[in-house]
Amino acid sequence: MITSENIWQDISAIREKVPLVHSITNYVAMNNTANALLALGASPVMAHAENEVEDMLDIAGALVVNIGTLSDPWIRAMKLAIEKARASEIPIVFDPVGAGATGLRNNAIYVLFPSGPPTIIRGNASEINAAALSAATTRGVDSTESSESALHSAKRLVDSYGSTVCVSGAVDYVLDGENMIKIHNGHHLMPKVTALGCTASVLCAAFAAVNPSPLKATAGAMATMGVAGELAAESDFCRGPGSFQVAFLDALYNLTFEDLRGKLRVE
Amino acid sequence: MITSENIWQDISAIREKVPLVHSITNYVAMNNTANALLALGASPVMAHAENEVEDMLDIAGALVVNIGTLSDPWIRAMKLAIEKARASEIPIVFDPVGAGATGLRNNAIYVLFPSGPPTIIRGNASEINAAALSAATTRGVDSTESSESALHSAKRLVDSYGSTVCVSGAVDYVLDGENMIKIHNGHHLMPKVTALGCTASVLCAAFAAVNPSPLKATAGAMATMGVAGELAAESDFCRGPGSFQVAFLDALYNLTFEDLRGKLRVE
Amino acid sequence: MITSENIWQDISAIREKVPLVHSITNYVAMNNTANALLALGASPVMAHAENEVEDMLDIAGALVVNIGTLSDPWIRAMKLAIEKARASEIPIVFDPVGAGATGLRNNAIYVLFPSGPPTIIRGNASEINAAALSAATTRGVDSTESSESALHSAKRLVDSYGSTVCVSGAVDYVLDGENMIKIHNGHHLMPKVTALGCTASVLCAAFAAVNPSPLKATAGAMATMGVAGELAAESDFCRGPGSFQVAFLDALYNLTFEDLRGKLRVE
């Protein structure tokens, strides 16, 4: 359904076209996601003010909305950005960080999804469950539920909003109304580094800026995350989560078609 | 007074229970403190909006309040969070970053301490002096005073608020109304990396989430910081403050009882 | 015009006097710029609230204003800080990140430059062009124009505001009303790491805190950036942009006069 050739075509397009990814994201992740976009070959920009987000979308190839550190003015800016992106046919990636943990996050989702359905929604099982208004109770921003358990919620989001949904975890499930791709790449150190989920979301945005299929863009981005994670962990540079994070950026930057072909495990 | 066995028991409990630490902290430190909590075995979450902080405490095991990059809305959210944590008997760690440097920071302390006395206060000598309303003039966020000179201020804070106080520096002093523990671990590169003081405070919170004695929790966290710092500096990976920071996270993640027993220097 | 001896004199003065650099900067760069200042030997502090920025300048040796993640309250605080710095004869470094990308950024420059002309303006070619109100269209925060093309804009800024201007790029141009220094140091990995431009600006501020000549301070800072970047890239530690960033901080910390003398390429 997706091959290393497909993914490599997207990576090559990103490196050639250098799409600008506009992120309205949380304070914790900003530096990581900017560096990951640069390492991949894309270009990051951040703007969060209500009187700036629409202008920034005039030059952006994709929008990322991430609710990891929310406040009311940011929610209002997210709404404006989403409406503008929708009107301009710019792909929107929504990362429901910590959904279910508080009313503010849940309400943000309730307000934002209808104002411009996300092209892609990526979260862990807890977050996808909460985003789908299921009865899940979430515990902060780390998932305590299996990815499989969130597939029902993911399908509800696909049906309600027409989004492509990724439930990330040990196995990443990427689905739209017709297909589901499972990605088995990744490494157990990845959840020990903050903002790698947020990083996955911005890679989805970079891929979506060059690939008109949200399903393939998302699967390609998640596979690229997983393969870069495996390369980082296998590097003699890596001794724990600190050096893993550094090696991950190096691996993303140095990624070759041979790496991808040799490591890709999708079904 | 505190042994490597005591500290290891807390670290094991953190790794097993994975306490959620809710931080309202400064923008500079957020990424570092999140990664340090993950490397230790705890789980980080950040929320700073007035209409979210109380909800987040419903699922948190400890609260960190850090005044490193303040504004009025954040101070109001800190007050709500502190009151909720106090009412819910959740330990509160207060980090008075840059106390004494500006009226805003001093006023924040004046308002926040009485609204919910901190379980633990951790700062450098300048900050503890300023927090105690002594005549100290502070110079930014780096301490220019010796830890010893701040012990009188620390005792005043213990007496006024019933807090456990840590004056961190080349020697860390941890004291409550009855006892004082001195920790000699650490490395001279540590003040050359931003946010390692803030990191110490979040480790105090993770320990306090599993140990009902604030004195032992604080001493254990500070000793763990110091030992991880020594391991990082001794690693062949470390060549300066950049690689030290990376090696510090690796050391925290890989820390063993033998490391702790071999290096702990407390009295 | 500037020699390794001149630059080393400034670095030695920074290490000895440890100037406090107050930054009002973007969320993405804060951690990087704090660490770079510490590695260089200076001391960072961040404060952005309207009711705090003036107080902080009472203890600061330089001010950095960076518009990378703007909002109206921050612009108002920048204005207050700039006026206070001007009145107190504290050098001001202005980094027009993403100038030209949005009306908010352009308006911020229009408001802020007249309220206190910057001592030093440092940006890439696109940003300097936009800051000079030239017809340039900019594309996010990465420059798509050559440094040479922005020299006309730089001269307009020098004439209008009396500022020293640095157009950074593969070659860095530093000019005031009388002189121009070209710096050929640097490495192609540097634009692949986020916030290295912002880092250059805070180094300019640290140098300006110890050197009364803005031209020499800026040239010294840019040369130090470039030499540290070359040392980092040549290190066996460096395998890509992740490890480059780490090695850059190590190189800045470990920099010697011999390094500088051996690598400096200015004209």
# chains A, B, ... in the order shown; residues from 1 in each chain; ligands from 1
>>> interface_residues(of="chain B", to="chain A", cutoff="6 Å", atoms="only C-alpha atoms", output="VMD selection string")
chain B and resid 30 to 31 35 38 47 49 52 55 246 249 to 250
>>> residues_around(residues="Gly123 in chain C", least_positions_apart="5", cutoff="7 Å", atoms="only C-alpha atoms", output="PyMOL selection string")
chain C and resi 95-97+128+166-168
>>> select_by_dssp(residues="range 163-261 of chain B", states="strand (DSSP E)", output="ChimeraX atom specification")
/B:164-168,172-175,180-183
>>> write_last_selection(atoms="N, CA and C atoms", output="compact mmCIF listing (two decimals), in the first residue's frame")
# COMPACT_ATOMS: atom_id res chain seq x y z
N THR B 164 10.26 22.85 53.45
CA THR B 164 11.62 22.34 53.36
C THR B 164 12.32 23.23 52.34
N VAL B 165 13.54 23.68 52.67
CA VAL B 165 14.23 24.61 51.79
C VAL B 165 15.55 24.00 51.33
N CYS B 166 15.83 24.15 50.05
CA CYS B 166 17.12 23.74 49.51
C CYS B 166 17.83 24.96 48.95
N VAL B 167 19.02 25.23 49.50
CA VAL B 167 19.90 26.25 48.94
C VAL B 167 20.91 25.51 48.09
N SER B 168 20.78 25.62 46.79
CA SER B 168 21.65 24.82 45.93
C SER B 168 22.88 25.62 45.53
N ASP B 172 24.91 21.60 48.27
CA ASP B 172 23.47 21.82 48.42
C ASP B 172 23.10 21.62 49.88
N TYR B 173 22.40 22.58 50.45
CA TYR B 173 21.90 22.47 51.82
C TYR B 173 20.40 22.24 51.78
N VAL B 174 19.96 21.20 52.44
CA VAL B 174 18.53 20.90 52.49
C VAL B 174 18.11 20.90 53.95
N LEU B 175 17.14 21.74 54.30
CA LEU B 175 16.79 21.82 55.70
C LEU B 175 15.30 21.97 55.93
N MET B 180 19.27 19.18 58.86
CA MET B 180 19.91 19.74 57.68
C MET B 180 20.78 18.66 57.05
N ILE B 181 20.64 18.51 55.74
CA ILE B 181 21.46 17.56 54.99
C ILE B 181 22.31 18.36 54.01
N LYS B 182 23.60 18.03 53.96
CA LYS B 182 24.50 18.67 52.99
C LYS B 182 24.86 17.67 51.91
N ILE B 183 24.76 18.10 50.67
CA ILE B 183 25.07 17.21 49.55
C ILE B 183 26.25 17.80 48.79
>>> atom_distance(atom1="CA of Val93 in chain B", atom2="CA of Gly226 in chain B")
18.6 Å
>>> select_by_dssp(residues="range 130-258 of chain C", states="helix (DSSP H, G or I)", output="mmCIF file with C-alpha atoms, in the first residue's frame")
data_model
loop_
_atom_site.group_PDB
_atom_site.id
_atom_site.type_symbol
_atom_site.label_atom_id
_atom_site.label_comp_id
_atom_site.auth_asym_id
_atom_site.auth_seq_id
_atom_site.Cartn_x
_atom_site.Cartn_y
_atom_site.Cartn_z
ATOM 1 C CA ALA C 130 12.185 43.913 4.738
ATOM 2 C CA ALA C 131 13.368 45.863 7.738
ATOM 3 C CA GLU C 148 25.071 41.071 -1.264
ATOM 4 C CA SER C 149 21.574 41.992 -2.433
ATOM 5 C CA ALA C 150 20.724 43.351 0.998
ATOM 6 C CA LEU C 151 23.675 45.680 1.313
ATOM 7 C CA HIS C 152 21.706 48.579 -0.106
ATOM 8 C CA SER C 153 18.995 47.997 2.497
ATOM 9 C CA ALA C 154 21.599 47.713 5.208
ATOM 10 C CA LYS C 155 23.026 51.078 4.252
ATOM 11 C CA ARG C 156 19.579 52.644 4.441
ATOM 12 C CA LEU C 157 19.191 51.315 7.971
ATOM 13 C CA VAL C 158 22.618 52.650 8.906
ATOM 14 C CA ASP C 159 21.669 56.065 7.536
ATOM 15 C CA SER C 160 18.203 56.199 9.079
ATOM 16 C CA TYR C 161 18.944 54.923 12.542
ATOM 17 C CA MET C 190 24.489 26.188 10.500
ATOM 18 C CA PRO C 191 21.250 27.069 8.648
ATOM 19 C CA LYS C 192 20.092 23.499 9.341
ATOM 20 C CA LEU C 196 21.486 29.913 15.280
ATOM 21 C CA GLY C 197 20.644 33.320 13.819
ATOM 22 C CA CYS C 198 19.040 34.254 17.122
ATOM 23 C CA THR C 199 22.155 32.914 18.829
ATOM 24 C CA ALA C 200 24.341 35.193 16.722
ATOM 25 C CA SER C 201 22.267 38.151 17.894
ATOM 26 C CA VAL C 202 22.712 37.391 21.582
ATOM 27 C CA LEU C 203 26.453 36.979 21.070
ATOM 28 C CA CYS C 204 26.442 40.442 19.461
ATOM 29 C CA ALA C 205 24.810 41.699 22.649
ATOM 30 C CA ALA C 206 27.395 40.064 24.902
ATOM 31 C CA PHE C 207 30.211 41.574 22.860
ATOM 32 C CA ALA C 208 28.484 44.979 22.838
ATOM 33 C CA ALA C 209 28.268 44.832 26.620
ATOM 34 C CA VAL C 210 32.075 44.875 26.827
ATOM 35 C CA PRO C 214 29.190 48.320 17.895
ATOM 36 C CA LEU C 215 31.035 47.570 14.644
ATOM 37 C CA LYS C 216 33.812 45.665 16.383
ATOM 38 C CA ALA C 217 31.420 43.994 18.798
ATOM 39 C CA THR C 218 29.236 42.726 15.957
ATOM 40 C CA ALA C 219 32.142 41.605 13.822
ATOM 41 C CA GLY C 220 33.719 39.864 16.808
ATOM 42 C CA ALA C 221 30.504 38.064 17.658
ATOM 43 C CA MET C 222 29.860 36.948 14.091
ATOM 44 C CA ALA C 223 33.436 35.748 13.700
ATOM 45 C CA THR C 224 33.172 33.840 16.981
ATOM 46 C CA MET C 225 29.954 32.212 15.760
ATOM 47 C CA GLY C 226 31.608 31.207 12.518
ATOM 48 C CA VAL C 227 34.795 29.867 14.070
ATOM 49 C CA ALA C 228 32.869 27.894 16.699
ATOM 50 C CA GLY C 229 30.716 26.507 13.890
ATOM 51 C CA GLU C 230 33.773 25.378 11.946
ATOM 52 C CA LEU C 231 35.285 23.772 15.037
ATOM 53 C CA ALA C 232 32.004 21.998 15.730
ATOM 54 C CA ALA C 233 31.698 20.688 12.184
ATOM 55 C CA GLU C 234 35.295 19.451 12.167
ATOM 56 C CA PRO C 241 22.655 18.995 12.590
ATOM 57 C CA GLY C 242 21.713 17.398 15.940
ATOM 58 C CA SER C 243 25.256 16.681 17.041
ATOM 59 C CA PHE C 244 26.467 19.876 15.373
ATOM 60 C CA GLN C 245 24.333 21.943 17.730
ATOM 61 C CA VAL C 246 25.788 20.147 20.749
ATOM 62 C CA ALA C 247 29.337 20.439 19.435
ATOM 63 C CA PHE C 248 28.782 24.137 18.722
ATOM 64 C CA LEU C 249 28.128 24.851 22.410
ATOM 65 C CA ASP C 250 31.171 22.792 23.377
ATOM 66 C CA ALA C 251 33.321 24.685 20.861
ATOM 67 C CA LEU C 252 32.099 28.048 22.099
ATOM 68 C CA TYR C 253 32.938 27.049 25.666
ATOM 69 C CA ASN C 254 36.354 25.604 24.807
ATOM 70 C CA PHE C 257 42.936 32.270 21.101
ATOM 71 C CA GLU C 258 44.803 29.741 18.953
#
